[in-house]
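Content type mmCIF, C-alpha atoms, from the file input_33.cif:
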```cif
data_entry
loop_
_atom_site.label_atom_id
_atom_site.label_comp_id
_atom_site.auth_asym_id
_atom_site.auth_seq_id
_atom_site.Cartn_x
_atom_site.Cartn_y
_atom_site.Cartn_z
CA MET A 1 29.19 109.57 -137.61
CA LYS A 2 29.70 112.59 -139.80
CA ILE A 3 29.52 112.04 -143.53
CA GLU A 4 30.83 114.64 -145.94
CA THR A 5 28.23 114.98 -148.61
CA ASN A 6 30.15 117.09 -151.06
CA ILE A 7 33.73 115.92 -151.37
CA LYS A 8 35.79 116.98 -154.36
CA CYS A 9 37.07 114.64 -157.04
CA SER A 10 40.65 114.97 -155.75
CA LYS A 11 39.58 113.83 -152.30
CA ALA A 12 37.52 111.05 -153.87
CA LYS A 13 40.56 109.81 -155.76
CA GLU A 14 42.58 109.71 -152.56
CA LEU A 15 39.99 107.49 -150.94
CA MET A 16 39.59 105.08 -153.82
CA SER A 17 42.65 102.96 -153.08
CA SER A 18 41.61 102.23 -149.52
CA TYR A 19 38.00 101.90 -150.56
CA ILE A 20 38.58 99.06 -153.01
CA ASP A 21 40.50 97.20 -150.28
CA CYS A 22 37.68 97.80 -147.78
CA MET A 23 40.21 99.67 -145.65
CA ALA A 24 38.57 103.11 -145.80
CA GLU A 25 36.84 104.35 -142.70
CA ARG A 26 33.11 103.98 -142.71
CA GLU A 27 32.56 107.76 -143.01
CA GLU A 28 35.05 107.98 -145.83
CA SER A 29 33.37 105.13 -147.68
CA ALA A 30 29.99 106.73 -147.30
CA SER A 31 31.27 110.09 -148.53
CA LEU A 32 32.93 108.48 -151.51
CA GLU A 33 29.86 106.52 -152.44
CA LEU A 34 27.76 109.68 -152.32
CA HIS A 35 30.24 111.42 -154.58
CA LEU A 36 30.36 108.52 -157.01
CA ASP A 37 26.62 108.56 -157.41
CA SER A 38 26.88 111.89 -159.09
CA CYS A 39 30.35 111.84 -160.69
CA LYS A 40 30.82 109.68 -163.75
CA PRO A 41 34.54 110.48 -164.24
CA CYS A 42 35.23 109.30 -160.70
CA GLN A 43 33.21 106.17 -161.37
CA ARG A 44 35.52 105.46 -164.30
CA GLN A 45 38.49 106.16 -162.10
CA LEU A 46 37.24 103.70 -159.53
CA HIS A 47 36.79 101.04 -162.17
CA SER A 48 40.31 101.63 -163.41
CA TYR A 49 41.61 101.11 -159.86
CA VAL A 50 39.65 97.89 -159.59
CA SER A 51 40.95 96.82 -162.96
CA LEU A 52 44.53 97.63 -161.93
CA ARG A 53 44.23 95.66 -158.71
CA SER A 54 42.72 92.75 -160.59
CA MET A 55 45.48 92.87 -163.21
CA LEU A 56 48.23 92.85 -160.58
CA ALA A 57 46.53 90.13 -158.57
CA ARG A 58 46.50 87.90 -161.66
CA VAL A 59 50.23 88.11 -162.06
CA GLU A 60 51.52 84.65 -161.35
CA PRO A 61 54.48 84.20 -159.06
CA VAL A 62 57.75 84.09 -160.90
CA ARG A 63 59.16 80.60 -160.70
CA PRO A 64 62.50 80.56 -158.93
CA PRO A 65 65.43 78.93 -160.76
CA GLU A 66 65.40 75.18 -160.25
CA ASP A 67 68.65 75.07 -158.37
CA LEU A 68 67.80 77.93 -156.03
CA VAL A 69 66.34 75.68 -153.33
CA LEU A 70 69.37 73.41 -153.44
CA ASP A 71 71.81 76.33 -153.45
CA THR A 72 70.02 77.93 -150.55
CA ARG A 73 70.04 74.69 -148.56
CA VAL A 74 73.74 74.22 -149.21
CA ARG A 75 74.58 77.73 -148.05
CA LEU A 76 72.35 77.36 -145.05
CA SER A 77 73.88 74.00 -144.25
CA HIS A 78 77.38 75.45 -144.35
CA ALA A 79 76.36 78.33 -142.16
CA ARG A 80 74.56 76.06 -139.69
CA SER A 81 77.22 73.41 -139.44
CA GLY A 82 80.05 75.73 -138.55
CA GLY A 83 80.46 77.54 -135.24
CA LEU A 84 82.82 80.48 -134.95
CA ILE A 85 85.85 78.30 -134.36
CA ASP A 86 84.87 75.98 -137.18
CA ARG A 87 84.38 78.94 -139.49
CA ILE A 88 87.77 80.37 -138.59
CA GLU A 89 89.34 76.96 -139.02
CA ALA A 90 87.62 76.48 -142.35
CA ARG A 91 88.72 79.95 -143.43
CA LEU A 92 92.30 79.22 -142.44
CA VAL A 93 92.23 75.89 -144.20
CA ASN A 94 90.78 77.49 -147.29
CA VAL A 95 93.41 80.20 -147.28
CA LEU A 96 96.43 78.12 -146.26
CA LYS A 97 95.70 74.92 -148.12
CA PRO A 98 96.38 76.31 -151.58
CA VAL A 99 99.59 77.90 -150.29
CA LEU A 100 100.90 75.22 -147.95
CA ILE A 101 100.66 72.21 -150.23
CA PRO A 102 102.71 73.73 -153.07
CA ALA A 103 105.09 75.31 -150.56
CA VAL A 104 105.71 72.05 -148.69
CA SER A 105 106.00 70.15 -151.96
CA GLY A 106 108.44 72.70 -153.31
CA ILE A 107 110.57 72.70 -150.17
CA THR A 108 110.60 68.90 -150.06
CA LEU A 109 111.62 68.64 -153.68
CA THR A 110 114.31 71.27 -153.19
CA VAL A 111 115.70 69.49 -150.14
CA LEU A 112 115.66 66.19 -151.98
CA SER A 113 117.35 67.68 -155.03
CA PHE A 114 120.06 69.33 -152.97
CA GLY A 115 120.41 66.14 -150.95
CA VAL A 116 120.99 64.13 -154.08
CA ILE A 117 123.42 66.70 -155.45
CA PHE A 118 125.41 67.08 -152.23
CA GLY A 119 125.31 63.35 -151.64
CA HIS A 120 126.72 62.74 -155.05
CA LEU A 121 129.41 65.37 -154.56
CA ALA A 122 130.29 63.96 -151.13
CA MET A 123 130.60 60.48 -152.58
CA ASN A 124 132.88 61.83 -155.28
CA PHE A 125 135.07 63.52 -152.70
CA SER A 126 135.34 60.39 -150.55
CA THR A 127 135.97 58.29 -153.62
CA GLN A 128 138.72 60.61 -154.66
CA ASP A 129 140.24 60.46 -151.16
CA LEU A 130 139.91 56.72 -151.13
CA SER A 131 141.39 56.41 -154.56
CA SER A 132 144.33 58.60 -153.60
CA THR A 133 144.86 56.37 -150.57
CA LEU A 134 144.49 53.34 -152.69
CA ILE A 135 147.06 54.63 -155.11
CA VAL A 136 149.56 54.56 -152.29
CA GLU A 137 148.50 51.15 -151.15
CA GLU A 138 147.73 49.87 -154.54
CA GLU A 139 151.28 48.94 -155.36
CA PRO A 140 152.13 46.64 -156.77
CA VAL A 141 149.44 46.52 -159.38
CA ARG A 142 150.74 43.40 -161.04
CA ILE A 143 152.41 40.34 -159.53
CA THR A 144 154.21 37.81 -161.69
CA GLU A 145 154.21 34.10 -161.19
CA GLN A 146 157.16 32.61 -159.33
CA THR A 147 160.26 32.75 -161.58
CA VAL A 148 163.22 30.42 -160.96
CA LEU A 149 166.70 31.87 -161.64
CA SER A 150 170.14 30.46 -161.09
CA ALA A 151 172.20 32.46 -158.64
CA PRO A 152 175.60 33.41 -159.97
CA GLY A 153 178.43 31.51 -158.51
CA ASN A 154 180.02 34.56 -157.00
CA SER A 155 177.12 35.18 -154.67
CA GLY A 156 179.66 34.57 -151.96
CA SER A 157 177.09 33.06 -149.70
CA ASP A 158 176.76 29.69 -148.34
CA TRP A 159 173.14 29.05 -148.77
CA ARG A 160 171.65 25.89 -150.13
CA GLU A 161 167.91 26.36 -149.88
CA PRO A 162 166.12 28.12 -152.64
CA LEU A 163 165.80 31.85 -151.95
CA SER A 164 162.43 33.40 -152.59
CA VAL A 165 162.39 37.14 -153.11
CA ARG A 166 159.69 39.67 -153.86
CA ALA A 167 160.79 42.79 -155.66
CA ASN A 168 158.67 45.90 -156.21
CA ILE A 169 159.37 47.45 -159.59
CA ARG A 170 158.44 50.98 -160.68
CA ASP A 171 157.03 51.81 -164.08
CA ASP A 172 160.58 52.77 -165.20
CA GLY A 173 161.77 49.17 -164.54
CA ARG A 174 163.82 50.03 -161.47
CA VAL A 175 163.44 48.11 -158.15
CA TYR A 176 162.34 50.12 -155.15
CA GLY A 177 161.72 47.37 -152.63
CA VAL A 178 163.00 43.86 -151.96
CA THR A 179 161.57 41.36 -149.52
CA ILE A 180 163.02 37.91 -148.80
CA LEU A 181 160.12 35.58 -148.56
CA GLY A 182 161.85 32.32 -147.97
CA GLY A 183 165.22 30.63 -147.76
CA THR A 184 168.34 31.83 -145.93
CA ASN A 185 167.77 35.31 -144.63
CA SER A 186 171.29 36.13 -143.41
CA PRO A 187 172.77 39.64 -143.65
CA ALA A 188 175.20 38.46 -146.27
CA VAL A 189 172.44 37.03 -148.41
CA LYS A 190 170.37 40.10 -147.87
CA ARG A 191 173.21 42.38 -148.90
CA TRP A 192 173.90 40.28 -151.94
CA ILE A 193 170.30 40.21 -153.09
CA ASN A 194 169.87 43.95 -152.51
CA ASN A 195 172.97 44.69 -154.59
CA LEU A 196 171.68 42.46 -157.26
CA MET A 197 168.12 43.77 -157.34
CA TYR A 198 168.64 47.50 -156.91
CA THR A 199 171.12 47.58 -159.78
CA ALA A 200 168.98 45.49 -162.09
CA GLN A 201 166.80 46.92 -164.82
CA PHE A 202 163.49 45.17 -165.50
CA GLY A 203 161.09 45.63 -168.32
CA PRO A 204 158.05 47.16 -166.54
CA ALA A 205 154.62 45.65 -166.75
CA THR A 206 152.15 47.56 -168.90
CA ARG A 207 148.42 48.17 -168.86
CA LEU A 208 146.89 49.24 -172.11
CA GLY A 209 150.39 49.91 -173.35
CA LYS A 210 151.27 52.18 -170.43
CA PRO A 211 154.09 51.16 -167.98
CA ILE A 212 152.80 50.55 -164.47
CA ASN A 213 154.18 49.58 -161.08
CA SER A 214 154.44 45.84 -160.53
CA THR A 215 155.85 43.17 -158.28
CA ILE A 216 158.00 40.32 -159.34
CA ASN A 217 158.55 37.14 -157.34
CA LEU A 218 161.87 35.46 -157.89
CA THR A 219 163.41 32.26 -156.55
CA PHE A 220 167.13 31.82 -156.58
CA ILE A 221 168.84 28.43 -156.46
CA ASN A 222 172.45 28.20 -155.49
CA VAL A 223 174.19 26.29 -158.24
CA ARG A 224 177.63 24.98 -157.54
CA SER A 225 179.74 24.20 -160.54
CA MET B 1 71.57 78.80 -121.33
CA ARG B 2 71.17 81.38 -124.06
CA ARG B 3 68.84 79.08 -125.93
CA GLU B 4 66.70 78.55 -122.84
CA ILE B 5 66.30 82.28 -122.40
CA ALA B 6 65.27 82.62 -126.01
CA TYR B 7 62.72 79.87 -125.55
CA TYR B 8 61.41 81.51 -122.44
CA ASP B 9 60.99 84.83 -124.20
CA LEU B 10 59.40 83.13 -127.12
CA GLU B 11 57.00 81.28 -124.84
CA ARG B 12 55.77 84.64 -123.55
CA GLY B 13 55.19 85.89 -127.06
CA VAL B 14 53.56 82.74 -128.35
CA ALA B 15 50.29 83.31 -126.57
CA THR B 16 49.61 86.58 -128.33
CA LEU B 17 51.46 86.78 -131.64
CA LEU B 18 52.52 83.32 -132.79
CA ASP B 19 50.13 80.52 -133.55
CA ASP B 20 50.93 77.07 -132.23
CA HIS B 21 52.43 75.85 -135.47
CA ASP B 22 54.71 78.86 -135.79
CA ALA B 23 55.75 78.65 -132.14
CA VAL B 24 56.80 75.03 -132.51
CA PHE B 25 58.39 75.75 -135.84
CA VAL B 26 60.44 78.63 -134.45
CA ARG B 27 61.66 76.41 -131.61
CA ARG B 28 62.79 73.82 -134.12
CA LEU B 29 64.62 76.51 -136.09
CA GLN B 30 66.24 77.80 -132.94
CA ALA B 31 67.28 74.25 -132.12
CA ASN B 32 69.01 74.19 -135.53
CA GLU B 33 66.95 71.24 -136.72
CA ASP B 34 67.72 70.14 -140.28
CA ALA B 35 64.14 69.31 -141.19
CA ALA B 36 62.95 72.67 -139.92
CA TYR B 37 65.32 74.55 -142.19
CA ASP B 38 64.30 72.39 -145.14
CA GLU B 39 60.70 73.26 -144.39
CA LEU B 40 61.57 76.94 -144.02
CA VAL B 41 63.18 77.02 -147.47
CA ARG B 42 60.35 75.03 -149.03
CA THR B 43 57.71 77.28 -147.51
CA TYR B 44 59.17 80.71 -148.19
CA ASN B 45 61.52 80.24 -151.10
CA SER B 46 59.02 80.99 -153.85
CA SER B 47 57.28 83.93 -152.25
CA ILE B 48 60.52 85.60 -151.21
CA TYR B 49 61.98 85.05 -154.65
CA HIS B 50 58.87 86.50 -156.25
CA VAL B 51 59.01 89.63 -154.14
CA ALA B 52 62.75 89.93 -154.74
CA TYR B 53 62.32 89.52 -158.46
CA ARG B 54 59.52 92.10 -158.63
CA MET B 55 61.54 94.53 -156.57
CA LEU B 56 64.91 93.97 -158.20
CA GLY B 57 63.78 93.08 -161.71
CA ASP B 58 66.63 90.63 -162.20
CA SER B 59 66.61 86.87 -161.76
CA ALA B 60 70.23 86.40 -160.68
CA GLU B 61 70.09 89.30 -158.27
CA ALA B 62 66.84 87.96 -156.83
CA SER B 63 68.41 84.52 -156.34
CA ASP B 64 71.36 86.01 -154.47
CA ALA B 65 69.02 88.06 -152.36
CA VAL B 66 66.94 85.00 -151.46
CA GLN B 67 70.01 83.11 -150.25
CA ASP B 68 71.21 86.05 -148.20
CA ILE B 69 67.77 86.48 -146.69
CA PHE B 70 67.66 82.87 -145.51
CA LEU B 71 71.14 83.22 -144.06
CA LYS B 72 70.02 86.29 -142.14
CA VAL B 73 66.98 84.44 -140.91
CA PHE B 74 69.26 81.70 -139.60
CA ARG B 75 71.64 84.15 -137.95
CA ASN B 76 68.84 86.07 -136.27
CA ILE B 77 66.35 83.35 -135.43
CA ARG B 78 67.63 83.09 -131.84
CA ALA B 79 66.81 86.74 -131.34
CA PHE B 80 63.27 86.30 -132.63
CA ARG B 81 60.94 86.95 -129.70
CA GLY B 82 57.63 86.29 -131.38
CA ASP B 83 56.57 89.94 -131.42
CA SER B 84 55.21 89.45 -134.94
CA SER B 85 54.24 86.48 -137.04
CA LEU B 86 57.11 84.46 -138.44
CA LYS B 87 56.09 85.34 -141.99
CA THR B 88 56.11 89.05 -141.20
CA TRP B 89 59.48 88.78 -139.48
CA ILE B 90 61.00 86.91 -142.41
CA PHE B 91 59.66 89.40 -144.95
CA ARG B 92 60.90 92.27 -142.80
CA ILE B 93 64.37 90.82 -143.13
CA GLY B 94 63.72 90.16 -146.80
CA ILE B 95 62.53 93.65 -147.68
CA SER B 96 65.42 95.14 -145.74
CA GLU B 97 67.90 93.05 -147.69
CA ILE B 98 66.22 93.89 -151.00
CA LEU B 99 66.12 97.60 -150.25
CA ASN B 100 69.80 97.48 -149.33
CA ARG B 101 70.53 95.96 -152.69
CA LEU B 102 68.46 98.61 -154.44
CA ARG B 103 70.37 101.33 -152.60
CA TRP B 104 73.63 99.67 -153.62
CA TRP B 105 72.47 99.62 -157.21
CA LYS B 106 71.37 103.21 -157.08
CA ARG B 107 74.74 104.29 -155.72
CA ARG B 108 76.37 102.65 -158.71
CA SER B 109 73.75 103.94 -161.14
CA ARG B 110 72.92 100.46 -162.22
CA LEU B 111 69.21 100.95 -161.97
CA SER B 112 68.90 102.71 -165.27
CA THR B 113 66.82 100.04 -166.90
CA VAL B 114 64.53 97.31 -165.74
CA SER B 115 65.76 93.87 -166.69
CA MET B 116 63.26 91.44 -167.97
CA ASP B 117 65.93 89.04 -169.09
CA ASP B 118 64.27 85.82 -168.06
CA ASP B 119 61.02 86.69 -169.64
CA HIS B 120 62.59 87.69 -172.90
CA ASN B 121 64.85 84.68 -173.01
CA GLY B 122 61.83 82.49 -172.65
CA ASN B 123 63.23 80.28 -169.92
CA GLY B 124 60.00 80.24 -168.05
CA ASN B 125 60.95 82.51 -165.21
CA GLY B 126 59.03 85.46 -166.49
CA ILE B 127 55.66 86.65 -165.36
CA CYS B 128 52.61 85.07 -166.86
CA ILE B 129 48.96 85.69 -166.57
CA ARG B 130 46.74 82.73 -165.77
CA ASP B 131 45.26 81.35 -168.91
CA SER B 132 44.68 77.71 -169.58
CA ALA B 133 45.11 77.88 -173.34
CA PRO B 134 46.43 81.22 -174.51
CA SER B 135 46.35 81.98 -178.19
CA PRO B 136 49.53 83.33 -179.74
CA TYR B 137 47.97 86.77 -179.69
CA GLN B 138 47.01 86.42 -176.03
CA SER B 139 50.44 85.10 -175.22
CA LEU B 140 52.07 88.05 -176.91
CA GLU B 141 49.70 90.44 -175.22
CA SER B 142 50.36 88.76 -171.90
CA LYS B 143 54.11 89.13 -172.28
CA GLU B 144 53.71 92.71 -173.29
CA GLN B 145 51.57 93.29 -170.23
CA ASP B 146 54.08 91.56 -167.97
CA LEU B 147 56.83 93.74 -169.31
CA ALA B 148 54.71 96.82 -168.81
CA ILE B 149 53.98 95.84 -165.20
CA GLN B 150 57.65 95.29 -164.43
CA GLN B 151 58.58 98.57 -166.09
CA ALA B 152 55.85 100.37 -164.18
CA LEU B 153 57.16 98.89 -160.94
CA GLY B 154 60.65 99.99 -161.90
CA ARG B 155 59.47 103.57 -162.23
CA LEU B 156 58.14 103.66 -158.68
CA SER B 157 60.23 104.71 -155.74
CA ARG B 158 61.57 101.88 -153.57
CA ASP B 159 59.01 102.52 -150.85
CA HIS B 160 56.09 102.59 -153.25
CA ARG B 161 57.35 99.54 -155.09
CA SER B 162 57.57 97.57 -151.86
CA ILE B 163 54.02 98.41 -150.97
CA VAL B 164 52.55 97.55 -154.37
CA VAL B 165 54.43 94.25 -154.53
CA LEU B 166 53.47 93.24 -151.02
CA ARG B 167 49.85 94.33 -151.31
CA ASP B 168 48.73 93.81 -154.89
CA ILE B 169 51.01 90.98 -155.97
CA GLU B 170 51.69 89.09 -152.74
CA GLY B 171 48.38 89.90 -151.08
CA PHE B 172 49.70 91.07 -147.70
CA SER B 173 47.25 92.83 -145.41
CA TYR B 174 47.76 96.47 -144.51
CA THR B 175 48.76 95.46 -141.00
CA GLU B 176 51.33 92.96 -142.26
CA ILE B 177 52.77 95.56 -144.62
CA ALA B 178 52.99 98.04 -141.76
CA ASP B 179 54.84 95.42 -139.68
CA VAL B 180 57.18 94.43 -142.47
CA LEU B 181 58.07 97.98 -143.45
CA GLY B 182 57.96 99.40 -139.94
CA ILE B 183 55.40 102.09 -140.75
CA THR B 184 51.86 102.83 -139.64
CA VAL B 185 48.77 101.56 -141.37
CA GLY B 186 47.89 105.16 -142.24
CA THR B 187 51.20 105.54 -144.05
CA VAL B 188 50.55 102.28 -145.86
CA LYS B 189 47.23 103.67 -147.09
CA SER B 190 48.63 106.94 -148.33
CA ARG B 191 51.69 105.41 -149.98
CA LEU B 192 49.60 102.70 -151.60
CA ALA B 193 47.18 105.29 -152.96
CA ARG B 194 50.01 107.27 -154.56
CA ALA B 195 51.75 104.16 -155.83
CA ARG B 196 48.56 102.83 -157.41
CA ALA B 197 47.88 106.18 -159.03
CA ASP B 198 51.33 106.04 -160.64
CA MET B 199 50.86 102.42 -161.67
CA LYS B 200 47.50 103.27 -163.19
CA LYS B 201 49.05 106.01 -165.30
CA SER B 202 51.74 103.65 -166.56
CA LEU B 203 49.36 100.80 -167.31
CA ILE B 204 46.35 102.78 -168.50
CA ARG B 205 46.27 101.16 -171.92
CA PHE B 206 45.91 97.70 -170.37
CA LEU B 207 43.12 98.64 -168.00
CA SER B 208 39.54 98.01 -168.97
CA ILE B 209 37.72 101.17 -168.06
CA GLN B 210 34.02 100.72 -167.93
CA ARG B 211 32.14 103.42 -169.73
CA VAL B 212 29.52 104.82 -167.43
#
```
As structure tokens, the full file:
Amino acid sequence: MKIETNIKCSKAKELMSSYIDCMAEREESASLELHLDSCKPCQRQLHSYVSLRSMLARVEPVRPPEDLVLDTRVRLSHARSGGLIDRIEARLVNVLKPVLIPAVSGITLTVLSFGVIFGHLAMNFSTQDLSSTLIVEEEPVRITEQTVLSAPGNSGSDWREPLSVRANIRDDGRVYGVTILGGTNSPAVKRWINNLMYTAQFGPATRLGKPINSTINLTFINVRS
Amino acid sequence: MRREIAYYDLERGVATLLDDHDAVFVRRLQANEDAAYDELVRTYNSSIYHVAYRMLGDSAEASDAVQDIFLKVFRNIRAFRGDSSLKTWIFRIGISEILNRLRWWKRRSRLSTVSMDDDHNGNGNGICIRDSAPSPYQSLESKEQDLAIQQALGRLSRDHRSIVVLRDIEGFSYTEIADVLGITVGTVKSRLARARADMKKSLIRFLSIQRV
């Protein structure tokens, strides 16, 4: 073992750090101790190193934030629970979920709205078609009670039973259709009743003051004077 | 199959570098056992946070770093072969993560000042010197000293700061520091000597120098 007996202060200072930790080599420690015996400034330096180490060693650990352990466990738990596929799935869900839900809701609402609108329009169209059909088939819109009239003597027909007739009357009071419902239905009677009805002028039925198509039921009785 | 290989490799390392407790503990971590991870966080949370805080000088940044460090431990635990102690391995990951953050900060010139936010806000996260009943004067002096220590650490280079924190504040051995930082014990000695000399200059007014 070779001990340097005359090391310089600069070399002594280099050795002090290891020396106070008992990590200097034996020869280095011996050399330093020899130097310190005769060098008061280096003795003060050594004490300052010891003081520094002591000061730093007394520093208490900084307390972590209270929620750090919990936060760390949560992050670890997430990382541990998910494999690669799970992570990708979770990522996809996280990305798509905020987009898909509003998108699906929006599309559904749009479809429903258009459905309601088109449905309504379609119903209107079919109603209009139906109503136009009904207008044709609607006639007559008003049917009178059976009315008994005396047939004129010149009816020229030899019929004794009462003659029931239905006449369709337009809103201008003119007859546009005659049907014999009961009684003698001979061509002569038919001709006579047609001549009578198609030349007649009726007062049309009204609805809310407006003339409308109507049907009138008439019964003729042959009266012989 | 992969897990079995890891166990086998670990078994070979256990005899020389891992004690029995660590060997079993590492197996439990590799088996993804809930209780093992709870124990891992309980055991290392404070010390890793302390190192991170001393290195980064910011409570929020230290908290983020701690969480990232534990995540990296989880992601790499299967590759752990037991060629160092578990503590050393974890701190190696930790220091690496912290140094990465410091580099990131430096690139963005954010490391212009040392934050002592927690300490100054008085929320109890700051440094404190052991003292059962500090007087107001002592308390003030203690806070001033804490601030000075953190500022002195902030003036050191990243490498020197790591060594001072690990050695003088966390009490790591030279060998552990060499393992954590991936350097030789000789380099640890020389860097520590230079770092302490710088710290001594910064903190000279707090040091009691015996008159000889």
Target residues per the PyMOL selection byres ((chain A) within 8 of (chain B)), formatted as a PyMOL selection string: chain A and resi 14-18+40+43-45+47-49+51-53+55-65+68-69+71-73+75-76+79-80
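Of the residues under consideration (B:Thr184, B:Asp159, B:Phe80, B:Ile177), B:Asp159 shows the shortest atom-to-atom contact distance to B:Met55 when counting all atoms listed in the file.
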So how many Å separate atom CA of B:Phe25 and atom CA of B:Leu86, to one decimal? 9.2 Å
Give, as AutoDock Vina command-line options, the centre coordinates and the x, y and z edge lengths in Å to one decimal for an axis-aligned box around all listed atoms of stretch 45-53 of chain A, padded by 3 Å on each side.
```
--center_x 40.7 --center_y 100.9 --center_z -161.1 --size_x 13.7 --size_y 16.5 --size_z 10.7
```
Would you list the residues near (52.8, 90.0, -137.0), meaning any protein, DNA or RNA residue with an atom at most 9 Å from that point in file coordinates, counting only C-alpha atoms, as an NGL selection string? :B and (17-18 or 82-89 or 175-176 or 179-180)
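Here atom CA of B:Val26 is placed at a distance of 9.6 Å from atom CA of B:Arg81.
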Find the residues around A:Pro211 up to 10 Å (all atoms listed in the file counted), leave out those fewer than 4 positions away in its own chain, and share them as a PyMOL selection string. chain A and resi 170-173+203-207
Do you know which residues the PyMOL selection byres ((chain A and resi 21-35) around 9) returns on this file, as an MDAnalysis selection string? (chainID A and resid 1:9 11:13 15:20 36:39 42) or (chainID B and resid 174 189)
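The result of the PyMOL selection byres ((chain B and resi 153) around 10) on the shown file is B:Arg54, B:Met55, B:Leu56, B:Gly57, B:Val114, B:Leu147, B:Ala148, B:Ile149, B:Gln150, B:Gln151, B:Ala152, B:Gly154, B:Arg155, B:Leu156, B:Ser157, B:Arg158, B:His160, B:Arg161, B:Ser162, B:Val164, B:Val165, B:Ala195, B:Asp198, B:Met199, B:Ser202.
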